[in-house]
>>> print(open('data_22.cif').read())   # mmCIF, C-alpha atoms and all ligand atoms
data_input
loop_
_atom_site.label_atom_id
_atom_site.label_comp_id
_atom_site.auth_asym_id
_atom_site.auth_seq_id
_atom_site.Cartn_x
_atom_site.Cartn_y
_atom_site.Cartn_z
CA MET A 1 -28.03 -60.58 21.38
CA SER A 2 -29.88 -59.77 18.19
CA THR A 3 -27.41 -57.99 15.97
CA ARG A 4 -29.70 -57.69 12.99
CA ALA A 5 -30.67 -54.18 12.02
CA PRO A 6 -34.40 -53.50 11.70
CA GLY A 7 -35.76 -53.71 8.20
CA ILE A 8 -32.89 -55.75 6.87
CA HIS A 9 -33.56 -59.12 5.34
CA SER A 10 -32.55 -61.90 7.69
CA ALA A 11 -30.48 -63.74 5.07
CA ILE A 12 -27.81 -61.03 4.89
CA PRO A 13 -24.73 -60.79 7.12
CA THR A 14 -25.08 -58.88 10.36
CA ALA A 15 -22.37 -56.27 9.84
CA ILE A 16 -23.72 -52.76 9.41
CA PHE A 17 -20.53 -51.69 7.65
CA GLU A 18 -17.94 -53.90 6.00
CA LEU A 19 -14.94 -52.60 4.09
CA LYS A 20 -12.36 -54.79 2.38
CA GLY A 21 -9.14 -53.24 1.03
CA VAL A 22 -10.83 -49.90 0.41
CA THR A 23 -8.88 -47.12 -1.26
CA VAL A 24 -10.09 -43.62 -2.06
CA ARG A 25 -7.87 -41.56 -4.35
CA TYR A 26 -8.07 -37.91 -5.24
CA GLY A 27 -5.63 -37.73 -8.14
CA ALA A 28 -2.22 -38.71 -6.77
CA LEU A 29 -3.38 -38.43 -3.15
CA ALA A 30 -4.71 -41.53 -1.39
CA ALA A 31 -7.16 -40.26 1.24
CA LEU A 32 -7.75 -43.90 2.26
CA GLN A 33 -5.43 -46.81 1.58
CA ASP A 34 -6.28 -50.48 1.91
CA VAL A 35 -8.80 -49.99 4.72
CA SER A 36 -10.54 -53.11 5.96
CA LEU A 37 -12.97 -53.07 8.85
CA ARG A 38 -16.26 -54.43 10.04
CA ILE A 39 -18.71 -52.63 12.31
CA GLU A 40 -21.52 -54.63 13.86
CA ALA A 41 -24.94 -53.42 14.91
CA GLY A 42 -24.90 -51.65 18.25
CA GLU A 43 -21.19 -50.77 18.31
CA ARG A 44 -19.95 -47.32 19.44
CA VAL A 45 -16.86 -46.58 17.39
CA ALA A 46 -14.57 -43.54 17.54
CA LEU A 47 -12.40 -42.51 14.58
CA ILE A 48 -9.33 -40.60 15.66
CA GLY A 49 -6.22 -39.32 13.94
CA PRO A 50 -4.55 -36.08 12.86
CA SER A 51 -6.16 -33.66 10.46
CA GLY A 52 -6.04 -35.07 6.93
CA ALA A 53 -5.81 -38.69 8.17
CA GLY A 54 -8.95 -39.65 6.23
CA LYS A 55 -11.65 -39.62 8.94
CA SER A 56 -14.19 -37.58 6.95
CA THR A 57 -13.46 -39.60 3.85
CA LEU A 58 -14.07 -42.82 5.76
CA LEU A 59 -17.37 -41.48 7.12
CA GLY A 60 -18.27 -40.50 3.53
CA VAL A 61 -17.59 -44.09 2.43
CA LEU A 62 -19.74 -45.35 5.32
CA ASN A 63 -22.70 -43.19 4.31
CA GLY A 64 -22.32 -43.95 0.62
CA SER A 65 -21.50 -40.39 -0.42
CA VAL A 66 -17.86 -41.17 -1.28
CA ALA A 67 -17.34 -43.94 -3.82
CA PRO A 68 -14.20 -46.03 -3.31
CA THR A 69 -11.67 -46.14 -6.11
CA GLY A 70 -10.69 -49.65 -5.04
CA GLY A 71 -11.83 -52.43 -2.73
CA GLU A 72 -15.27 -53.52 -1.58
CA VAL A 73 -17.81 -51.61 0.52
CA ARG A 74 -20.87 -53.26 2.02
CA LEU A 75 -23.40 -51.03 3.72
CA LEU A 76 -26.14 -52.89 5.63
CA GLY A 77 -24.98 -56.01 3.85
CA ARG A 78 -25.33 -54.50 0.35
CA ASP A 79 -22.34 -54.22 -1.99
CA VAL A 80 -22.47 -50.55 -3.05
CA ALA A 81 -20.74 -51.25 -6.36
CA ARG A 82 -23.73 -53.37 -7.40
CA LEU A 83 -26.48 -50.99 -6.31
CA SER A 84 -28.55 -48.85 -8.67
CA ALA A 85 -28.74 -45.16 -7.73
CA ARG A 86 -32.22 -45.79 -6.33
CA ALA A 87 -31.15 -48.79 -4.25
CA LEU A 88 -28.17 -46.83 -2.94
CA ARG A 89 -30.51 -44.01 -1.85
CA GLN A 90 -32.64 -46.55 0.02
CA VAL A 91 -29.56 -47.80 1.87
CA GLN A 92 -28.42 -44.23 2.53
CA ARG A 93 -31.79 -43.40 4.09
CA GLN A 94 -30.91 -45.86 6.84
CA ILE A 95 -27.63 -44.14 7.63
CA GLY A 96 -27.90 -40.72 9.28
CA THR A 97 -25.04 -38.25 9.46
CA VAL A 98 -24.41 -35.35 11.83
CA TYR A 99 -21.79 -32.79 10.77
CA GLN A 100 -19.42 -30.42 12.54
CA GLN A 101 -21.12 -27.38 10.94
CA PHE A 102 -24.61 -28.83 11.60
CA ASN A 103 -25.68 -28.43 7.91
CA LEU A 104 -28.94 -26.75 8.86
CA THR A 105 -30.76 -23.98 7.00
CA PRO A 106 -30.38 -21.13 9.51
CA ASN A 107 -33.21 -18.95 8.17
CA LEU A 108 -35.83 -21.65 8.58
CA SER A 109 -37.60 -22.53 11.79
CA VAL A 110 -36.45 -25.54 13.76
CA ILE A 111 -39.44 -27.69 12.71
CA HIS A 112 -38.53 -27.28 9.02
CA ASN A 113 -34.95 -28.33 9.68
CA VAL A 114 -36.08 -31.33 11.73
CA ASN A 115 -38.58 -32.31 9.04
CA ALA A 116 -35.75 -32.39 6.51
CA GLY A 117 -35.06 -35.82 8.04
CA HIS A 118 -38.15 -37.05 6.17
CA LEU A 119 -36.95 -35.86 2.78
CA GLY A 120 -35.57 -39.21 1.69
CA ARG A 121 -39.08 -40.63 2.07
CA TRP A 122 -41.38 -37.76 1.15
CA SER A 123 -42.57 -36.97 -2.37
CA LEU A 124 -41.41 -33.66 -3.82
CA ALA A 125 -44.98 -32.31 -3.55
CA LYS A 126 -45.20 -33.20 0.14
CA ALA A 127 -41.77 -31.73 0.82
CA ALA A 128 -42.72 -28.50 -1.00
CA PHE A 129 -46.06 -28.27 0.82
CA SER A 130 -44.32 -28.79 4.14
CA LEU A 131 -42.17 -25.72 3.51
CA VAL A 132 -45.36 -23.64 3.67
CA ILE A 133 -47.25 -25.54 6.35
CA PRO A 134 -45.02 -27.83 8.42
CA LEU A 135 -46.26 -31.42 8.43
CA GLU A 136 -45.60 -34.14 10.98
CA ARG A 137 -45.55 -31.72 13.90
CA GLU A 138 -45.85 -34.56 16.41
CA THR A 139 -42.83 -36.45 15.07
CA ALA A 140 -40.70 -33.31 15.05
CA ALA A 141 -41.85 -32.40 18.56
CA ARG A 142 -40.99 -35.89 19.83
CA ALA A 143 -37.54 -35.74 18.24
CA LEU A 144 -36.90 -32.35 19.84
CA GLU A 145 -38.04 -33.69 23.17
CA ASN A 146 -35.56 -36.54 22.76
CA VAL A 147 -32.73 -34.05 22.31
CA GLY A 148 -33.84 -31.83 25.18
CA ILE A 149 -35.12 -28.74 23.34
CA ALA A 150 -38.87 -29.41 23.08
CA ASP A 151 -39.63 -25.70 23.44
CA LYS A 152 -37.73 -24.67 20.29
CA LEU A 153 -40.07 -26.11 17.64
CA TYR A 154 -40.98 -22.79 16.00
CA GLU A 155 -37.80 -20.89 16.85
CA ARG A 156 -35.72 -19.53 13.98
CA THR A 157 -32.75 -21.90 13.79
CA SER A 158 -30.16 -19.10 13.55
CA HIS A 159 -31.32 -17.81 16.94
CA LEU A 160 -30.12 -20.96 18.70
CA SER A 161 -26.69 -21.51 20.24
CA GLY A 162 -24.18 -23.88 18.62
CA GLY A 163 -25.02 -26.65 21.08
CA GLN A 164 -28.75 -26.23 20.44
CA GLN A 165 -28.22 -26.25 16.67
CA GLN A 166 -26.33 -29.52 16.97
CA ARG A 167 -29.31 -30.86 18.93
CA VAL A 168 -31.57 -29.83 16.02
CA ALA A 169 -29.26 -31.69 13.63
CA ILE A 170 -29.47 -34.77 15.86
CA ALA A 171 -33.29 -34.43 16.00
CA ARG A 172 -33.32 -34.36 12.18
CA VAL A 173 -31.38 -37.63 12.14
CA LEU A 174 -33.82 -39.13 14.67
CA VAL A 175 -36.74 -38.25 12.36
CA GLN A 176 -34.87 -40.04 9.57
CA ASP A 177 -34.84 -43.04 11.95
CA PRO A 178 -31.66 -44.62 10.58
CA VAL A 179 -30.04 -47.89 11.61
CA ALA A 180 -26.71 -46.12 12.17
CA ILE A 181 -25.66 -42.60 13.10
CA LEU A 182 -22.38 -41.20 11.79
CA ALA A 183 -21.05 -38.04 13.36
CA ASP A 184 -18.22 -36.08 11.75
CA GLU A 185 -16.49 -34.00 14.45
CA PRO A 186 -19.89 -33.26 16.07
CA ILE A 187 -18.43 -31.19 18.90
CA SER A 188 -15.68 -29.25 17.13
CA SER A 189 -17.89 -26.16 16.67
CA ILE A 190 -19.32 -26.26 20.18
CA ASP A 191 -17.95 -24.79 23.38
CA PRO A 192 -16.23 -27.31 25.67
CA GLU A 193 -18.95 -27.27 28.33
CA ARG A 194 -21.64 -28.24 25.83
CA SER A 195 -19.41 -30.84 24.15
CA ARG A 196 -19.84 -33.40 26.90
CA GLU A 197 -23.61 -32.94 26.83
CA ILE A 198 -23.76 -33.51 23.07
CA MET A 199 -21.55 -36.60 23.26
CA THR A 200 -23.61 -37.97 26.14
CA LEU A 201 -26.81 -37.27 24.22
CA LEU A 202 -25.52 -39.08 21.13
CA ARG A 203 -24.39 -42.04 23.18
CA GLU A 204 -27.63 -42.28 25.18
CA LEU A 205 -29.86 -41.96 22.12
CA CYS A 206 -27.94 -44.68 20.32
CA ASP A 207 -28.19 -46.92 23.40
CA ARG A 208 -31.90 -46.26 23.92
CA LEU A 209 -32.94 -46.40 20.26
CA ASN A 210 -30.59 -49.26 19.44
CA LYS A 211 -28.51 -47.52 16.80
CA THR A 212 -24.91 -48.05 15.75
CA LEU A 213 -22.65 -45.01 16.29
CA VAL A 214 -19.49 -44.05 14.42
CA VAL A 215 -18.03 -40.72 15.43
CA SER A 216 -14.87 -38.88 14.42
CA LEU A 217 -13.32 -36.90 17.23
CA HIS A 218 -10.51 -34.47 17.89
CA ALA A 219 -11.13 -34.63 21.63
CA LEU A 220 -9.65 -38.00 22.59
CA GLU A 221 -11.17 -38.00 26.06
CA TYR A 222 -14.62 -38.59 24.53
CA ALA A 223 -13.35 -41.47 22.44
CA TYR A 224 -12.37 -43.11 25.73
CA SER A 225 -15.41 -42.11 27.75
CA HIS A 226 -18.22 -42.48 25.19
CA CYS A 227 -17.09 -45.21 22.78
CA ASP A 228 -16.26 -48.90 23.05
CA ARG A 229 -13.83 -49.17 20.17
CA ILE A 230 -11.26 -46.81 18.67
CA ILE A 231 -9.98 -46.81 15.12
CA GLY A 232 -6.77 -44.80 14.70
CA LEU A 233 -6.22 -43.44 11.20
CA ARG A 234 -3.01 -41.93 9.90
CA GLU A 235 -2.25 -40.96 6.29
CA GLY A 236 -5.27 -42.88 5.09
CA ARG A 237 -4.36 -46.13 6.80
CA VAL A 238 -5.74 -47.87 9.87
CA LEU A 239 -2.94 -47.81 12.43
CA PHE A 240 -4.98 -49.62 15.07
CA ASP A 241 -8.55 -50.82 15.56
CA LEU A 242 -9.09 -51.94 19.14
CA PRO A 243 -11.45 -51.99 22.10
CA VAL A 244 -10.98 -48.80 24.12
CA GLY A 245 -9.22 -50.62 26.99
CA GLN A 246 -6.48 -51.88 24.67
CA VAL A 247 -5.48 -48.53 23.18
CA THR A 248 -2.24 -47.44 24.86
CA PRO A 249 -0.80 -43.92 25.19
CA ALA A 250 2.12 -45.07 23.01
CA MET A 251 -0.27 -45.97 20.18
CA VAL A 252 -1.94 -42.59 20.40
CA GLU A 253 1.44 -40.86 20.48
CA THR A 254 2.51 -42.69 17.31
CA LEU A 255 -0.78 -41.75 15.67
CA TYR A 256 -0.23 -38.03 16.20
CA ARG A 257 3.57 -37.96 15.92
CA ILE A 258 4.73 -35.25 13.57
CA ARG A 259 6.89 -36.62 10.80
CA ALA A 260 10.50 -35.45 11.13
P1 LIG A 301 -9.70 -35.82 8.11
O1 LIG A 301 -11.19 -35.90 8.19
O2 LIG A 301 -9.02 -36.89 8.90
O3 LIG A 301 -9.17 -34.46 8.42
P2 LIG A 301 -10.13 -36.03 5.26
O4 LIG A 301 -10.84 -37.30 5.02
O5 LIG A 301 -10.96 -34.77 5.26
O6 LIG A 301 -9.29 -36.12 6.59
O7 LIG A 301 -9.02 -35.83 4.15
C1 LIG A 301 -8.03 -36.83 3.86
C2 LIG A 301 -7.16 -36.31 2.74
O8 LIG A 301 -7.91 -36.27 1.53
C3 LIG A 301 -6.66 -34.89 2.97
O9 LIG A 301 -5.34 -34.80 2.45
C4 LIG A 301 -7.61 -34.04 2.16
O10 LIG A 301 -7.01 -32.85 1.75
C5 LIG A 301 -7.94 -34.97 0.99
N1 LIG A 301 -9.28 -34.76 0.43
C6 LIG A 301 -10.45 -34.96 1.11
N2 LIG A 301 -11.48 -34.71 0.30
C7 LIG A 301 -10.98 -34.32 -0.90
C8 LIG A 301 -11.55 -33.93 -2.15
N3 LIG A 301 -12.87 -33.89 -2.33
N4 LIG A 301 -10.71 -33.63 -3.16
C9 LIG A 301 -9.36 -33.69 -2.99
N5 LIG A 301 -8.76 -34.06 -1.84
C10 LIG A 301 -9.54 -34.38 -0.81
#
>>> encode(input="data_22.cif", output="structure tokens")
Amino acid sequence: MSTRAPGIHSAIPTAIFELKGVTVRYGALAALQDVSLRIEAGERVALIGPSGAGKSTLLGVLNGSVAPTGGEVRLLGRDVARLSARALRQVQRQIGTVYQQFNLTPNLSVIHNVNAGHLGRWSLAKAAFSLVIPLERETAARALENVGIADKLYERTSHLSGGQQQRVAIARVLVQDPVAILADEPISSIDPERSREIMTLLRELCDRLNKTLVVSLHALEYAYSHCDRIIGLREGRVLFDLPVGQVTPAMVETLYRIRA
């Protein structure tokens, strides 16, 4: 199997993400403590753990938006501590993130929100022009088709349901065409019936388009059904990091156990 991500120089290691002894501190609080992990191209990884365990912080480290206070972070083989701001942005362009609250601009039409996926590449002038006359209609239309809402191109985003808005957010990431997709609680703001559809969509797109997926989840059933590996976080530490089939109910119980 080729595990090399597209566009990455062949001399670099194959891991998409590699963390060694990573700590993230906010004052006295350690949101992450001594986290080491390696995620290869093509993996489907679930992050689980109680609220405050550090899942969002870890996703922030993986997309380069949260700088570690200790340890080493390699994104697409590049040591973030050694990257210029410009080089870091280039790496970040290859890592797309989908958020619980969608992070869309509700007053704009869907095509504008989808086109925001180009912003890392477009000049300011092109981006500004596109706000008046949307560019790249075909690309946006294709992305919307991929997420099952081809007919919503010119709809006002705020008129869509939660599930449809999450599809727009996923279409925006597809336009960005990243190597990896990170999803931070992507179904927490969506009704349960639509949740399965969104998880299935994410999984299928990553399979079909050959992208690595890391997703934080409250709903454990989707970690089991849609991912291959589960990382259990508690109080900023990795409690377990195993293939789905090796995660036992006892491990999950320990992960969520309320401290006496
Ligand atoms: P989770 O996603 O598992 O709920 P988070 O990564 O959001 O956990 O948070 C881990 C811990 O770090 C929590 O105690 C949270 O309050 C704290 N934290 C997260 N971000 C910040 C921040 N920007 N400033 C201060 N504390 C933060």
>>> closest_residue(input="data_22.cif", among="A:Ala30, A:Val24, A:Ala53, A:Val238", to="ligand LIG 301 (chain A)", atoms="all atoms listed in the file")
A:Ala53
>>> atom_distance(input="data_22.cif", atom1="atom CA of A:Thr157", atom2="atom O5 of ligand LIG 301 (chain A)")
26.7 Å
>>> closest_residue(input="data_22.cif", among="A:Gly245, A:Lys20, A:Ala31, A:Leu182", to="A:Ser51", atoms="all atoms listed in the file")
A:Ala31
>>> residues_near_ligand(input="data_22.cif", ligand="ligand LIG 301 (chain A)", cutoff="7 Å", atoms="all atoms listed in the file", output="ChimeraX atom specification")
/A:26,29-31,49-58,236
>>> atom_distance(input="data_22.cif", atom1="atom CA of A:Glu197", atom2="atom CA of A:Leu160")
15.9 Å
>>> closest_residue(input="data_22.cif", among="A:Arg86, A:Gly77, A:Asn63, A:Glu185", to="A:Arg38", atoms="only C-alpha atoms")
A:Gly77
>>> closest_residue(input="data_22.cif", among="A:Asp151, A:Glu18, A:Glu235, A:Asp228", to="A:Val61", atoms="all atoms listed in the file")
A:Glu18
>>> closest_residue(input="data_22.cif", among="A:Leu32, A:Val80, A:Leu19, A:Leu75", to="A:Leu239", atoms="all atoms listed in the file")
A:Leu32
>>> closest_atom_pairs(input="data_22.cif", of="stretch 78-183 of chain A", to="stretch 214-224 of chain A", cutoff="10 Å", atoms="all atoms listed in the file", output="CSV")
residue,atom,partner,partner_atom,distance
A:Thr97,CA,A:Val214,CA,9.4
A:Val98,CA,A:Val215,CA,9.1
A:Tyr99,CA,A:Ser216,CA,9.9
A:Gln100,CA,A:Ser216,CA,9.8
A:Ala180,CA,A:Val214,CA,7.8
A:Ile181,CA,A:Val214,CA,6.5
A:Leu182,CA,A:Val214,CA,4.8
A:Ala183,CA,A:Val215,CA,4.5
>>> closest_residue(input="data_22.cif", among="A:Ser84, A:Gln94, A:Thr105, A:Thr254", to="A:Phe240", atoms="all atoms listed in the file")
A:Thr254
>>> atom_distance(input="data_22.cif", atom1="atom CA of A:Val110", atom2="atom CA of A:Thr212")
25.4 Å
>>> residues_around(input="data_22.cif", residues="A:Gly162", least_positions_apart="4", cutoff="12 Å", atoms="only C-alpha atoms", output="VMD selection string")
chain A and resid 100 to 104 106 157 to 158 166 to 169 186 to 195 198
>>> write_last_selection(input="data_22.cif", atoms="C-alpha atoms", output="short mmCIF file (atom, residue, chain, number, x, y, z; two decimals), in the coordinates of the input")
data_model
loop_
_atom_site.label_atom_id
_atom_site.label_comp_id
_atom_site.auth_asym_id
_atom_site.auth_seq_id
_atom_site.Cartn_x
_atom_site.Cartn_y
_atom_site.Cartn_z
CA GLN A 100 -19.42 -30.42 12.54
CA GLN A 101 -21.12 -27.38 10.94
CA PHE A 102 -24.61 -28.83 11.60
CA ASN A 103 -25.68 -28.43 7.91
CA LEU A 104 -28.94 -26.75 8.86
CA PRO A 106 -30.38 -21.13 9.51
CA THR A 157 -32.75 -21.90 13.79
CA SER A 158 -30.16 -19.10 13.55
CA GLN A 166 -26.33 -29.52 16.97
CA ARG A 167 -29.31 -30.86 18.93
CA VAL A 168 -31.57 -29.83 16.02
CA ALA A 169 -29.26 -31.69 13.63
CA PRO A 186 -19.89 -33.26 16.07
CA ILE A 187 -18.43 -31.19 18.90
CA SER A 188 -15.68 -29.25 17.13
CA SER A 189 -17.89 -26.16 16.67
CA ILE A 190 -19.32 -26.26 20.18
CA ASP A 191 -17.95 -24.79 23.38
CA PRO A 192 -16.23 -27.31 25.67
CA GLU A 193 -18.95 -27.27 28.33
CA ARG A 194 -21.64 -28.24 25.83
CA SER A 195 -19.41 -30.84 24.15
CA ILE A 198 -23.76 -33.51 23.07
#
>>> decode(input="data_22.cif", residues="stretch 153-164 of chain A", atoms="all heavy atoms", output="PDB file, in the first residue's frame")
ATOM      1  N   LEU A 153     -26.687  25.111  -4.007  1.00  0.00           N
ATOM      2  CA  LEU A 153     -25.553  25.988  -4.326  1.00  0.00           C
ATOM      3  C   LEU A 153     -25.820  27.460  -3.993  1.00  0.00           C
ATOM      4  O   LEU A 153     -24.958  28.134  -3.433  1.00  0.00           O
ATOM      5  CB  LEU A 153     -25.215  25.828  -5.820  1.00  0.00           C
ATOM      6  CG  LEU A 153     -23.880  26.350  -6.294  1.00  0.00           C
ATOM      7  CD1 LEU A 153     -22.734  25.675  -5.573  1.00  0.00           C
ATOM      8  CD2 LEU A 153     -23.738  26.126  -7.800  1.00  0.00           C
ATOM      9  N   TYR A 154     -26.982  27.959  -4.362  1.00  0.00           N
ATOM     10  CA  TYR A 154     -27.260  29.395  -4.176  1.00  0.00           C
ATOM     11  C   TYR A 154     -28.197  29.669  -3.007  1.00  0.00           C
ATOM     12  O   TYR A 154     -28.655  30.776  -2.828  1.00  0.00           O
ATOM     13  CB  TYR A 154     -27.824  29.985  -5.476  1.00  0.00           C
ATOM     14  CG  TYR A 154     -26.803  29.924  -6.585  1.00  0.00           C
ATOM     15  CD1 TYR A 154     -26.967  29.053  -7.658  1.00  0.00           C
ATOM     16  CD2 TYR A 154     -25.650  30.707  -6.532  1.00  0.00           C
ATOM     17  CE1 TYR A 154     -26.005  28.981  -8.654  1.00  0.00           C
ATOM     18  CE2 TYR A 154     -24.693  30.640  -7.525  1.00  0.00           C
ATOM     19  CZ  TYR A 154     -24.880  29.774  -8.583  1.00  0.00           C
ATOM     20  OH  TYR A 154     -23.926  29.703  -9.551  1.00  0.00           O
ATOM     21  N   GLU A 155     -28.453  28.654  -2.217  1.00  0.00           N
ATOM     22  CA  GLU A 155     -29.320  28.810  -1.035  1.00  0.00           C
ATOM     23  C   GLU A 155     -28.592  29.643   0.026  1.00  0.00           C
ATOM     24  O   GLU A 155     -27.365  29.567   0.161  1.00  0.00           O
ATOM     25  CB  GLU A 155     -29.633  27.428  -0.460  1.00  0.00           C
ATOM     26  CG  GLU A 155     -30.757  27.407   0.515  1.00  0.00           C
ATOM     27  CD  GLU A 155     -32.040  26.841  -0.100  1.00  0.00           C
ATOM     28  OE1 GLU A 155     -32.043  26.451  -1.285  1.00  0.00           O
ATOM     29  OE2 GLU A 155     -33.018  26.804   0.615  1.00  0.00           O
ATOM     30  N   ARG A 156     -29.365  30.413   0.787  1.00  0.00           N
ATOM     31  CA  ARG A 156     -28.754  31.116   1.922  1.00  0.00           C
ATOM     32  C   ARG A 156     -28.422  30.060   2.985  1.00  0.00           C
ATOM     33  O   ARG A 156     -29.290  29.243   3.344  1.00  0.00           O
ATOM     34  CB  ARG A 156     -29.758  32.133   2.457  1.00  0.00           C
ATOM     35  CG  ARG A 156     -29.206  33.180   3.361  1.00  0.00           C
ATOM     36  CD  ARG A 156     -30.399  34.009   3.826  1.00  0.00           C
ATOM     37  NE  ARG A 156     -30.075  34.848   4.935  1.00  0.00           N
ATOM     38  CZ  ARG A 156     -29.748  36.126   4.828  1.00  0.00           C
ATOM     39  NH1 ARG A 156     -29.691  36.691   3.653  1.00  0.00           N
ATOM     40  NH2 ARG A 156     -29.477  36.844   5.906  1.00  0.00           N
ATOM     41  N   THR A 157     -27.213  30.077   3.493  1.00  0.00           N
ATOM     42  CA  THR A 157     -26.745  29.002   4.373  1.00  0.00           C
ATOM     43  C   THR A 157     -27.622  28.861   5.618  1.00  0.00           C
ATOM     44  O   THR A 157     -27.909  27.740   6.060  1.00  0.00           O
ATOM     45  CB  THR A 157     -25.276  29.252   4.757  1.00  0.00           C
ATOM     46  OG1 THR A 157     -24.533  29.404   3.536  1.00  0.00           O
ATOM     47  CG2 THR A 157     -24.700  28.123   5.564  1.00  0.00           C
ATOM     48  N   SER A 158     -28.090  29.998   6.155  1.00  0.00           N
ATOM     49  CA  SER A 158     -28.897  29.947   7.385  1.00  0.00           C
ATOM     50  C   SER A 158     -30.244  29.263   7.169  1.00  0.00           C
ATOM     51  O   SER A 158     -30.901  28.888   8.141  1.00  0.00           O
ATOM     52  CB  SER A 158     -29.125  31.363   7.927  1.00  0.00           C
ATOM     53  OG  SER A 158     -29.748  32.157   6.935  1.00  0.00           O
ATOM     54  N   HIS A 159     -30.645  29.102   5.899  1.00  0.00           N
ATOM     55  CA  HIS A 159     -31.926  28.434   5.641  1.00  0.00           C
ATOM     56  C   HIS A 159     -31.810  26.908   5.681  1.00  0.00           C
ATOM     57  O   HIS A 159     -32.823  26.214   5.605  1.00  0.00           O
ATOM     58  CB  HIS A 159     -32.486  28.857   4.265  1.00  0.00           C
ATOM     59  CG  HIS A 159     -32.908  30.292   4.227  1.00  0.00           C
ATOM     60  ND1 HIS A 159     -33.248  30.950   3.072  1.00  0.00           N
ATOM     61  CD2 HIS A 159     -33.015  31.210   5.228  1.00  0.00           C
ATOM     62  CE1 HIS A 159     -33.567  32.205   3.362  1.00  0.00           C
ATOM     63  NE2 HIS A 159     -33.422  32.387   4.651  1.00  0.00           N
ATOM     64  N   LEU A 160     -30.615  26.400   5.783  1.00  0.00           N
ATOM     65  CA  LEU A 160     -30.423  24.947   5.764  1.00  0.00           C
ATOM     66  C   LEU A 160     -30.541  24.358   7.173  1.00  0.00           C
ATOM     67  O   LEU A 160     -30.309  25.039   8.167  1.00  0.00           O
ATOM     68  CB  LEU A 160     -29.030  24.600   5.208  1.00  0.00           C
ATOM     69  CG  LEU A 160     -28.696  25.128   3.807  1.00  0.00           C
ATOM     70  CD1 LEU A 160     -27.334  24.611   3.369  1.00  0.00           C
ATOM     71  CD2 LEU A 160     -29.756  24.718   2.799  1.00  0.00           C
ATOM     72  N   SER A 161     -30.859  23.075   7.236  1.00  0.00           N
ATOM     73  CA  SER A 161     -30.909  22.382   8.529  1.00  0.00           C
ATOM     74  C   SER A 161     -29.486  22.176   9.060  1.00  0.00           C
ATOM     75  O   SER A 161     -28.505  22.360   8.309  1.00  0.00           O
ATOM     76  CB  SER A 161     -31.574  21.018   8.340  1.00  0.00           C
ATOM     77  OG  SER A 161     -30.709  20.179   7.594  1.00  0.00           O
ATOM     78  N   GLY A 162     -29.390  21.768  10.321  1.00  0.00           N
ATOM     79  CA  GLY A 162     -28.067  21.510  10.908  1.00  0.00           C
ATOM     80  C   GLY A 162     -27.279  20.483  10.116  1.00  0.00           C
ATOM     81  O   GLY A 162     -26.092  20.663   9.829  1.00  0.00           O
ATOM     82  N   GLY A 163     -27.944  19.388   9.738  1.00  0.00           N
ATOM     83  CA  GLY A 163     -27.266  18.331   8.977  1.00  0.00           C
ATOM     84  C   GLY A 163     -26.783  18.848   7.630  1.00  0.00           C
ATOM     85  O   GLY A 163     -25.665  18.531   7.192  1.00  0.00           O
ATOM     86  N   GLN A 164     -27.614  19.678   6.984  1.00  0.00           N
ATOM     87  CA  GLN A 164     -27.205  20.227   5.676  1.00  0.00           C
ATOM     88  C   GLN A 164     -26.049  21.211   5.846  1.00  0.00           C
ATOM     89  O   GLN A 164     -25.138  21.248   5.016  1.00  0.00           O
ATOM     90  CB  GLN A 164     -28.406  20.921   5.016  1.00  0.00           C
ATOM     91  CG  GLN A 164     -29.456  19.928   4.526  1.00  0.00           C
ATOM     92  CD  GLN A 164     -30.733  20.622   4.084  1.00  0.00           C
ATOM     93  OE1 GLN A 164     -31.076  21.704   4.557  1.00  0.00           O
ATOM     94  NE2 GLN A 164     -31.449  19.995   3.165  1.00  0.00           N
TER      95      GLN A 164
END
